[in-house]
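J.: Data: upload-v4.txt, compact mmCIF, C-alpha atoms and all ligand atoms.
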# COMPACT_ATOMS: atom_id res chain seq x y z
CA MET A 1 -52.02 -47.48 121.91
CA ALA A 2 -54.27 -44.90 123.54
CA ASN A 3 -54.83 -41.93 121.29
CA ASP A 4 -54.97 -39.18 123.84
CA ASN A 5 -51.94 -37.35 125.10
CA LEU A 6 -52.99 -35.69 128.33
CA SER A 7 -50.24 -33.19 129.23
CA ALA A 8 -49.56 -30.84 132.15
CA VAL A 9 -49.04 -27.53 130.38
CA LEU A 10 -47.81 -24.42 132.19
CA TYR A 11 -49.15 -21.28 130.52
CA ALA A 12 -47.75 -18.76 132.99
CA LYS A 13 -47.15 -18.34 136.71
CA ASN A 14 -49.84 -20.30 138.64
CA ASP A 15 -51.62 -21.23 135.41
CA LEU A 16 -51.22 -24.98 134.90
CA ARG A 17 -53.69 -26.70 132.57
CA MET A 18 -54.33 -30.33 131.70
CA GLU A 19 -54.53 -30.41 127.94
CA ASN A 20 -54.90 -33.10 125.33
CA ARG A 21 -52.07 -32.62 122.87
CA LEU A 22 -51.19 -34.41 119.63
CA ILE A 23 -49.05 -37.53 120.00
CA PRO A 24 -45.66 -36.49 118.58
CA GLU A 25 -44.03 -38.36 115.69
CA PRO A 26 -40.43 -39.41 116.48
CA GLY A 27 -37.71 -38.16 114.12
CA PRO A 28 -35.20 -40.66 112.58
CA ASN A 29 -32.97 -40.65 115.70
CA GLU A 30 -35.74 -40.38 118.27
CA VAL A 31 -38.11 -42.69 120.12
CA LEU A 32 -41.70 -42.13 121.13
CA LEU A 33 -42.18 -43.02 124.79
CA HIS A 34 -45.30 -43.97 126.69
CA MET A 35 -44.49 -42.15 129.90
CA SER A 36 -44.54 -44.10 133.18
CA CYS A 37 -43.20 -41.98 136.05
CA VAL A 38 -42.28 -38.32 136.23
CA GLY A 39 -40.80 -36.73 139.36
CA ILE A 40 -41.70 -33.18 140.35
CA CYS A 41 -38.44 -31.24 140.52
CA GLY A 42 -37.82 -28.02 142.42
CA SER A 43 -37.44 -26.39 139.00
CA ASP A 44 -40.99 -27.44 138.00
CA VAL A 45 -42.30 -25.91 141.23
CA SER A 46 -40.31 -22.73 140.57
CA TYR A 47 -41.72 -22.36 137.05
CA LEU A 48 -45.23 -22.90 138.44
CA LYS A 49 -44.88 -20.47 141.36
CA ARG A 50 -42.64 -17.81 139.81
CA GLY A 51 -42.96 -18.37 136.06
CA ALA A 52 -39.17 -18.34 135.75
CA ILE A 53 -35.79 -19.49 136.99
CA GLY A 54 -33.26 -16.69 136.48
CA ASP A 55 -33.03 -15.95 132.77
CA PHE A 56 -35.32 -18.84 131.84
CA ILE A 57 -38.77 -17.31 131.61
CA VAL A 58 -41.97 -19.12 130.62
CA LYS A 59 -43.14 -17.03 127.67
CA ALA A 60 -45.17 -19.67 125.84
CA PRO A 61 -47.12 -22.73 127.04
CA MET A 62 -44.67 -25.43 128.15
CA VAL A 63 -45.14 -29.02 129.36
CA LEU A 64 -43.49 -29.51 132.79
CA GLY A 65 -41.42 -32.47 134.03
CA HIS A 66 -38.00 -33.95 133.32
CA GLU A 67 -37.17 -36.64 135.92
CA SER A 68 -38.74 -39.49 134.09
CA SER A 69 -39.02 -43.01 132.77
CA GLY A 70 -41.17 -44.59 130.10
CA VAL A 71 -41.70 -47.49 127.75
CA VAL A 72 -40.67 -47.25 124.09
CA ALA A 73 -43.79 -47.12 121.91
CA LYS A 74 -42.19 -46.40 118.53
CA CYS A 75 -38.67 -46.04 117.11
CA GLY A 76 -37.40 -43.61 114.47
CA SER A 77 -35.95 -45.16 111.30
CA ASN A 78 -32.26 -44.89 112.40
CA VAL A 79 -32.71 -46.14 115.96
CA LYS A 80 -30.74 -49.32 116.69
CA ASN A 81 -30.21 -49.21 120.48
CA LEU A 82 -33.87 -49.59 121.47
CA LYS A 83 -37.01 -51.42 120.43
CA PRO A 84 -40.72 -51.04 121.27
CA GLY A 85 -41.45 -52.37 124.77
CA ASP A 86 -38.05 -51.41 126.22
CA ARG A 87 -38.31 -49.67 129.59
CA VAL A 88 -36.02 -46.65 129.74
CA ALA A 89 -34.80 -43.85 131.97
CA ILE A 90 -34.57 -40.49 130.25
CA GLU A 91 -31.54 -38.22 130.41
CA PRO A 92 -33.40 -34.92 130.00
CA GLY A 93 -30.63 -32.65 128.67
CA VAL A 94 -29.83 -33.39 125.03
CA PRO A 95 -26.63 -31.59 123.94
CA CYS A 96 -25.48 -30.59 120.42
CA ARG A 97 -22.83 -33.38 120.27
CA MET A 98 -20.65 -31.06 118.09
CA CYS A 99 -19.06 -28.38 120.31
CA ASN A 100 -15.77 -28.63 122.26
CA PHE A 101 -17.60 -29.40 125.51
CA CYS A 102 -19.52 -32.23 123.86
CA LYS A 103 -16.41 -33.58 122.11
CA SER A 104 -14.41 -33.56 125.35
CA GLY A 105 -17.10 -35.46 127.25
CA LYS A 106 -18.29 -32.49 129.30
CA TYR A 107 -21.55 -32.39 127.42
CA ASN A 108 -23.42 -31.18 130.53
CA LEU A 109 -21.75 -27.81 129.81
CA CYS A 110 -22.88 -27.67 126.15
CA PRO A 111 -24.25 -24.15 125.55
CA ASP A 112 -26.83 -25.52 123.10
CA VAL A 113 -28.30 -28.23 125.35
CA VAL A 114 -32.02 -28.82 124.88
CA PHE A 115 -33.32 -29.52 128.37
CA CYS A 116 -36.85 -30.88 129.00
CA ALA A 117 -39.15 -28.39 130.71
CA THR A 118 -36.71 -25.50 130.45
CA PRO A 119 -38.24 -22.74 128.33
CA PRO A 120 -38.85 -22.92 125.43
CA TYR A 121 -38.68 -26.75 125.43
CA ASP A 122 -41.49 -29.03 126.50
CA GLY A 123 -40.98 -31.54 129.29
CA SER A 124 -42.23 -35.08 129.79
CA LEU A 125 -45.21 -34.75 132.15
CA CYS A 126 -47.54 -36.13 129.50
CA ARG A 127 -48.71 -39.53 128.26
CA TYR A 128 -46.56 -39.57 125.10
CA TYR A 129 -43.23 -37.85 124.70
CA LYS A 130 -40.48 -38.10 122.07
CA HIS A 131 -36.80 -38.00 122.97
CA ALA A 132 -33.35 -38.54 121.40
CA ALA A 133 -32.82 -42.33 121.41
CA ASP A 134 -29.19 -42.02 122.57
CA PHE A 135 -30.38 -40.15 125.68
CA CYS A 136 -32.73 -42.96 126.71
CA PHE A 137 -31.18 -45.73 128.82
CA LYS A 138 -32.63 -49.21 128.92
CA LEU A 139 -33.40 -50.31 132.48
CA PRO A 140 -32.31 -53.75 133.68
CA ASP A 141 -35.20 -56.00 134.76
CA HIS A 142 -34.52 -55.53 138.45
CA VAL A 143 -34.82 -51.71 138.25
CA SER A 144 -38.39 -50.42 138.46
CA LEU A 145 -39.78 -47.56 136.39
CA GLU A 146 -40.15 -45.54 139.63
CA GLU A 147 -36.44 -46.03 140.29
CA GLY A 148 -35.72 -45.20 136.65
CA ALA A 149 -37.38 -41.80 137.06
CA ILE A 150 -35.14 -41.04 140.06
CA LEU A 151 -31.91 -41.73 138.16
CA GLU A 152 -31.67 -38.13 136.94
CA PRO A 153 -31.64 -36.54 140.41
CA LEU A 154 -29.45 -39.44 141.65
CA SER A 155 -26.93 -38.59 138.92
CA VAL A 156 -26.61 -35.11 140.46
CA GLY A 157 -25.54 -36.74 143.74
CA VAL A 158 -23.08 -39.02 141.91
CA HIS A 159 -21.59 -36.05 140.06
CA ALA A 160 -21.31 -34.02 143.30
CA CYS A 161 -19.56 -36.88 145.15
CA ARG A 162 -17.16 -37.46 142.24
CA ARG A 163 -16.32 -33.75 142.12
CA ALA A 164 -15.73 -33.81 145.87
CA GLY A 165 -13.51 -36.90 145.58
CA VAL A 166 -15.57 -38.95 148.07
CA THR A 167 -13.95 -42.32 148.71
CA MET A 168 -13.56 -45.03 151.41
CA GLY A 169 -13.35 -43.44 154.85
CA SER A 170 -14.21 -39.88 153.72
CA ASN A 171 -15.87 -37.46 156.09
CA VAL A 172 -18.61 -35.69 154.18
CA LEU A 173 -20.69 -32.59 154.88
CA VAL A 174 -23.87 -32.20 152.83
CA LEU A 175 -25.48 -28.76 152.99
CA GLY A 176 -29.25 -29.13 152.75
CA ALA A 177 -31.49 -32.20 153.14
CA GLY A 178 -33.76 -31.64 150.15
CA PRO A 179 -34.01 -34.39 147.49
CA ILE A 180 -30.57 -33.56 146.04
CA GLY A 181 -29.02 -33.47 149.52
CA LEU A 182 -30.52 -36.89 150.23
CA VAL A 183 -29.31 -38.48 146.97
CA SER A 184 -25.86 -37.00 147.73
CA LEU A 185 -26.04 -38.66 151.16
CA LEU A 186 -26.97 -42.03 149.63
CA THR A 187 -24.20 -41.75 147.06
CA ALA A 188 -21.58 -40.75 149.64
CA LYS A 189 -22.58 -43.81 151.71
CA ALA A 190 -22.34 -46.07 148.65
CA MET A 191 -18.91 -44.63 147.83
CA GLY A 192 -17.67 -45.66 151.28
CA ALA A 193 -17.79 -42.44 153.29
CA SER A 194 -17.48 -43.24 156.99
CA GLN A 195 -19.04 -40.11 158.49
CA ILE A 196 -21.68 -37.99 156.79
CA CYS A 197 -23.22 -34.90 158.31
CA VAL A 198 -26.25 -33.24 156.73
CA THR A 199 -27.40 -29.74 157.66
CA GLU A 200 -30.95 -28.55 157.12
CA MET A 201 -32.36 -25.40 158.62
CA PHE A 202 -35.68 -25.35 156.78
CA THR A 203 -37.03 -28.61 158.22
CA LEU A 204 -35.59 -28.00 161.68
CA HIS A 205 -37.19 -24.58 161.76
CA HIS A 206 -40.57 -26.02 160.78
CA VAL A 207 -40.31 -29.01 163.09
CA SER A 208 -39.44 -26.80 166.07
CA LYS A 209 -42.27 -24.39 165.22
CA TRP A 210 -44.70 -27.32 165.10
CA PHE A 211 -43.27 -28.75 168.31
CA TRP A 212 -43.61 -25.51 170.29
CA LYS A 213 -47.11 -24.92 168.93
CA LYS A 214 -48.14 -28.42 170.09
CA ARG A 215 -46.52 -27.80 173.50
CA ALA A 216 -48.34 -24.50 173.80
CA THR A 217 -51.72 -26.12 173.03
CA GLY A 218 -50.89 -28.98 175.39
CA ASN A 219 -51.42 -31.89 172.99
CA SER A 220 -47.87 -32.87 172.22
CA HIS A 221 -47.13 -36.60 171.93
CA THR A 222 -43.48 -35.89 172.42
CA SER A 223 -41.96 -35.75 175.86
ZN ZN B 301 -34.71 -31.94 138.34
ZN ZN B 302 -22.39 -29.20 122.50
Write the structure described by the file as structure tokens, please.
Ligand SMILES: [Zn+2]
Ligand SMILES: [Zn+2]
T.:
Amino acid sequence: MANDNLSAVLYAKNDLRMENRLIPEPGPNEVLLHMSCVGICGSDVSYLKRGAIGDFIVKAPMVLGHESSGVVAKCGSNVKNLKPGDRVAIEPGVPCRMCNFCKSGKYNLCPDVVFCATPPYDGSLCRYYKHAADFCFKLPDHVSLEEGAILEPLSVGVHACRRAGVTMGSNVLVLGAGPIGLVSLLTAKAMGASQICVTEMFTLHHVSKWFWKKRATGNSHTS
């Protein structure tokens, strides 16, 4: 096991530093993960560019990243669901497991959720990261670690399509073709939607600007 823990630490707006941190020791119900893949979420970009998202303000150094997968390096003493070497996807929001929301299965609404890379909690864009063992999901052999890291944003699309009641033959409108719009599109297709329309003004705007600039300078490849 390497003994460095290079981590992407955000100190404040536009102040991201690569820092060697101590390798954390997992608690009894946690696992230590050797991180494999970490997606860059819009929220990470927002913390970097603005130092905040709404009421969540970066006030102390924080490791970024939460869309991630890794390999179990060490298990806490109570952990029974995982063993070293297991490849896992991480569910980044760990709830209290005690409140009414948690007890009724709506644990995404838990007011005490500890969410990776949401101040003041560190994220997973580092070499070694510890996480609650029951919020790590073992990947089947045919699912890559890259795919494992994308499960968190994909779950947003699954949740959105379930909320919208998408089923065989549905007509679906997705507003926005960013990563979440695209995973919603994939999910709607997988759930049997027959027609899916996606709107996106940002890309269209930029594409048309690029197109007209090329036309104006006379080197467009497009006819
Ligand atoms: Zn995200
Ligand atoms: Zn709770």
J.: Give the answer as one residue: which of A:Leu32, A:Ile23, A:Ala177, A:Cys126 has the shortest atom-to-atom distance to A:Gly65, using all atoms listed in the file?
T.: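 Using all atoms listed in the file, A:Gly65 sits closest to A:Cys126.
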J.: Atom CA of A:Glu91 and atom CA of A:Cys161, how far apart in Å?
T.: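 About the pair atom CA of A:Cys161 and atom CA of A:Glu91: they are 19.0 Å apart.
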J.: Check the smallest atom-to-atom distance from each of A:Lys83, A:Arg17, A:Lys138, A:Lys213 to A:Leu64 using only C-alpha atoms, then report the winner.
T.: A:Arg17
J.: Determine, for each residue of chain A having at least one atom at most 10 Å from an atom of ligand ZN 302 (chain B), the closest pair of atoms and their separation in Å to one decimal, counting only C-alpha atoms and all ligand atoms; order by chain and ascending number, as CSV.
T.:
residue,atom,partner,partner_atom,distance
A:Val94,CA,B:ZN302,ZN,8.9
A:Pro95,CA,B:ZN302,ZN,5.1
A:Cys96,CA,B:ZN302,ZN,4.0
A:Arg97,CA,B:ZN302,ZN,4.8
A:Met98,CA,B:ZN302,ZN,5.1
A:Cys99,CA,B:ZN302,ZN,4.1
A:Asn100,CA,B:ZN302,ZN,6.6
A:Phe101,CA,B:ZN302,ZN,5.7
A:Cys102,CA,B:ZN302,ZN,4.4
A:Lys103,CA,B:ZN302,ZN,7.4
A:Ser104,CA,B:ZN302,ZN,9.5
A:Gly105,CA,B:ZN302,ZN,9.5
A:Lys106,CA,B:ZN302,ZN,8.6
A:Tyr107,CA,B:ZN302,ZN,5.9
A:Asn108,CA,B:ZN302,ZN,8.3
A:Leu109,CA,B:ZN302,ZN,7.5
A:Cys110,CA,B:ZN302,ZN,4.0
A:Pro111,CA,B:ZN302,ZN,6.2
A:Asp112,CA,B:ZN302,ZN,5.8
A:Val113,CA,B:ZN302,ZN,6.6
A:Val114,CA,B:ZN302,ZN,9.9
J.: Which residue is closest to ligand ZN 301 (chain B)? Choose from A:Val166, A:Ile180, A:Ala60, A:Ala132 and count all atoms listed in the file.
T.: A:Ile180
J.: At a cut-off of 12 Å around the point (-30.3, -32.6, 160.3) (file coordinates), what residues fall inside when counting all atoms listed in the file? I'd like the answer as a PyMOL selection string.
T.: chain A and resi 173-178+181-182+185+196-205+207
J.: Residues contacting ligand ZN 301 (chain B) - anything with an atom at most 10 Å away, using all atoms listed in the file - can you give me those as number ranges by chain?
T.: A: 39-44, 65-68, 92, 116-117, 150, 152-154, 156, 179-180
J.: Which residue is closest to A:Val172? Choose from A:Glu25, A:Gln195, A:Lys130, A:Ser155 and count all atoms listed in the file.
T.: A:Gln195
J.: My list of candidates is A:Pro24, A:Gly169, A:Pro119, A:Gly70. Which is closest to A:Val58 when distances are computed with all atoms listed in the file?
T.: A:Pro119
J.: Between A:Ile57, A:Val63, A:Ala188, A:Val31, single out the one closest to A:Ser77, counting all atoms listed in the file.
T.: A:Val31
J.: Could I see stretch 17-53 of chain A restored to N, CA and C atoms, set down as an mmCIF file, keeping the file's coordinate frame?
T.:
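In the end it all went to selection24.cif:
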data_model
loop_
_atom_site.group_PDB
_atom_site.id
_atom_site.type_symbol
_atom_site.label_atom_id
_atom_site.label_comp_id
_atom_site.auth_asym_id
_atom_site.auth_seq_id
_atom_site.Cartn_x
_atom_site.Cartn_y
_atom_site.Cartn_z
ATOM 1 N N ARG A 17 -52.476 -26.112 133.148
ATOM 2 C CA ARG A 17 -53.690 -26.700 132.570
ATOM 3 C C ARG A 17 -53.418 -28.112 132.082
ATOM 4 N N MET A 18 -54.427 -28.988 132.254
ATOM 5 C CA MET A 18 -54.330 -30.330 131.700
ATOM 6 C C MET A 18 -54.941 -30.255 130.300
ATOM 7 N N GLU A 19 -54.124 -30.621 129.325
ATOM 8 C CA GLU A 19 -54.530 -30.410 127.940
ATOM 9 C C GLU A 19 -54.262 -31.665 127.132
ATOM 10 N N ASN A 20 -55.138 -31.962 126.207
ATOM 11 C CA ASN A 20 -54.900 -33.100 125.330
ATOM 12 C C ASN A 20 -54.141 -32.636 124.100
ATOM 13 N N ARG A 21 -52.891 -33.068 123.993
ATOM 14 C CA ARG A 21 -52.070 -32.620 122.870
ATOM 15 C C ARG A 21 -51.910 -33.727 121.834
ATOM 16 N N LEU A 22 -51.429 -33.393 120.662
ATOM 17 C CA LEU A 22 -51.190 -34.410 119.630
ATOM 18 C C LEU A 22 -50.057 -35.329 120.068
ATOM 19 N N ILE A 23 -50.150 -36.606 119.708
ATOM 20 C CA ILE A 23 -49.050 -37.530 120.000
ATOM 21 C C ILE A 23 -47.935 -37.207 119.005
ATOM 22 N N PRO A 24 -46.721 -36.888 119.508
ATOM 23 C CA PRO A 24 -45.660 -36.490 118.580
ATOM 24 C C PRO A 24 -45.141 -37.658 117.733
ATOM 25 N N GLU A 25 -44.611 -37.349 116.585
ATOM 26 C CA GLU A 25 -44.030 -38.360 115.690
ATOM 27 C C GLU A 25 -42.519 -38.323 115.895
ATOM 28 N N PRO A 26 -41.891 -39.460 116.264
ATOM 29 C CA PRO A 26 -40.430 -39.410 116.480
ATOM 30 C C PRO A 26 -39.668 -39.172 115.185
ATOM 31 N N GLY A 27 -38.584 -38.360 115.271
ATOM 32 C CA GLY A 27 -37.710 -38.160 114.120
ATOM 33 C C GLY A 27 -36.857 -39.404 113.926
ATOM 34 N N PRO A 28 -35.983 -39.443 112.878
ATOM 35 C CA PRO A 28 -35.200 -40.660 112.580
ATOM 36 C C PRO A 28 -34.360 -41.149 113.753
ATOM 37 N N ASN A 29 -33.830 -40.225 114.576
ATOM 38 C CA ASN A 29 -32.970 -40.650 115.700
ATOM 39 C C ASN A 29 -33.672 -40.553 117.057
ATOM 40 N N GLU A 30 -34.980 -40.531 117.014
ATOM 41 C CA GLU A 30 -35.740 -40.380 118.270
ATOM 42 C C GLU A 30 -36.620 -41.597 118.528
ATOM 43 N N VAL A 31 -37.102 -41.680 119.793
ATOM 44 C CA VAL A 31 -38.110 -42.690 120.120
ATOM 45 C C VAL A 31 -39.330 -41.996 120.702
ATOM 46 N N LEU A 32 -40.489 -42.592 120.472
ATOM 47 C CA LEU A 32 -41.700 -42.130 121.130
ATOM 48 C C LEU A 32 -41.854 -42.975 122.393
ATOM 49 N N LEU A 33 -42.074 -42.313 123.518
ATOM 50 C CA LEU A 33 -42.180 -43.020 124.790
ATOM 51 C C LEU A 33 -43.572 -42.891 125.369
ATOM 52 N N HIS A 34 -44.074 -44.017 125.901
ATOM 53 C CA HIS A 34 -45.300 -43.970 126.690
ATOM 54 C C HIS A 34 -44.815 -43.726 128.112
ATOM 55 N N MET A 35 -45.080 -42.538 128.634
ATOM 56 C CA MET A 35 -44.490 -42.150 129.900
ATOM 57 C C MET A 35 -45.040 -42.983 131.060
ATOM 58 N N SER A 36 -44.131 -43.310 132.008
ATOM 59 C CA SER A 36 -44.540 -44.100 133.180
ATOM 60 C C SER A 36 -44.517 -43.249 134.445
ATOM 61 N N CYS A 37 -43.335 -42.746 134.813
ATOM 62 C CA CYS A 37 -43.200 -41.980 136.050
ATOM 63 C C CYS A 37 -42.461 -40.680 135.768
ATOM 64 N N VAL A 38 -42.945 -39.612 136.382
ATOM 65 C CA VAL A 38 -42.280 -38.320 136.230
ATOM 66 C C VAL A 38 -42.191 -37.665 137.615
ATOM 67 N N GLY A 39 -40.986 -37.402 138.072
ATOM 68 C CA GLY A 39 -40.800 -36.730 139.360
ATOM 69 C C GLY A 39 -41.124 -35.245 139.223
ATOM 70 N N ILE A 40 -41.482 -34.632 140.349
ATOM 71 C CA ILE A 40 -41.700 -33.180 140.350
ATOM 72 C C ILE A 40 -40.426 -32.564 140.940
ATOM 73 N N CYS A 41 -39.715 -31.844 140.108
ATOM 74 C CA CYS A 41 -38.440 -31.240 140.520
ATOM 75 C C CYS A 41 -38.693 -29.850 141.111
ATOM 76 N N GLY A 42 -37.745 -29.389 141.911
ATOM 77 C CA GLY A 42 -37.820 -28.020 142.420
ATOM 78 C C GLY A 42 -37.948 -27.011 141.276
ATOM 79 N N SER A 43 -37.350 -27.325 140.131
ATOM 80 C CA SER A 43 -37.440 -26.390 139.000
ATOM 81 C C SER A 43 -38.879 -26.322 138.468
ATOM 82 N N ASP A 44 -39.585 -27.461 138.449
ATOM 83 C CA ASP A 44 -40.990 -27.440 138.000
ATOM 84 C C ASP A 44 -41.822 -26.552 138.936
ATOM 85 N N VAL A 45 -41.553 -26.693 140.242
ATOM 86 C CA VAL A 45 -42.300 -25.910 141.230
ATOM 87 C C VAL A 45 -41.991 -24.422 141.044
ATOM 88 N N SER A 46 -40.715 -24.121 140.777
ATOM 89 C CA SER A 46 -40.310 -22.730 140.570
ATOM 90 C C SER A 46 -40.997 -22.123 139.341
ATOM 91 N N TYR A 47 -41.036 -22.880 138.240
ATOM 92 C CA TYR A 47 -41.720 -22.360 137.050
ATOM 93 C C TYR A 47 -43.197 -22.124 137.346
ATOM 94 N N LEU A 48 -43.801 -23.040 138.114
ATOM 95 C CA LEU A 48 -45.230 -22.900 138.440
ATOM 96 C C LEU A 48 -45.456 -21.687 139.347
ATOM 97 N N LYS A 49 -44.639 -21.535 140.371
ATOM 98 C CA LYS A 49 -44.880 -20.470 141.360
ATOM 99 C C LYS A 49 -44.370 -19.110 140.934
ATOM 100 N N ARG A 50 -43.246 -19.101 140.160
ATOM 101 C CA ARG A 50 -42.640 -17.810 139.810
ATOM 102 C C ARG A 50 -42.650 -17.529 138.308
ATOM 103 N N GLY A 51 -42.933 -18.558 137.516
ATOM 104 C CA GLY A 51 -42.960 -18.370 136.060
ATOM 105 C C GLY A 51 -41.573 -18.258 135.459
ATOM 106 N N ALA A 52 -40.533 -18.497 136.264
ATOM 107 C CA ALA A 52 -39.170 -18.340 135.750
ATOM 108 C C ALA A 52 -38.161 -18.945 136.711
ATOM 109 N N ILE A 53 -36.980 -19.229 136.162
ATOM 110 C CA ILE A 53 -35.790 -19.490 136.990
ATOM 111 C C ILE A 53 -34.689 -18.650 136.356
#
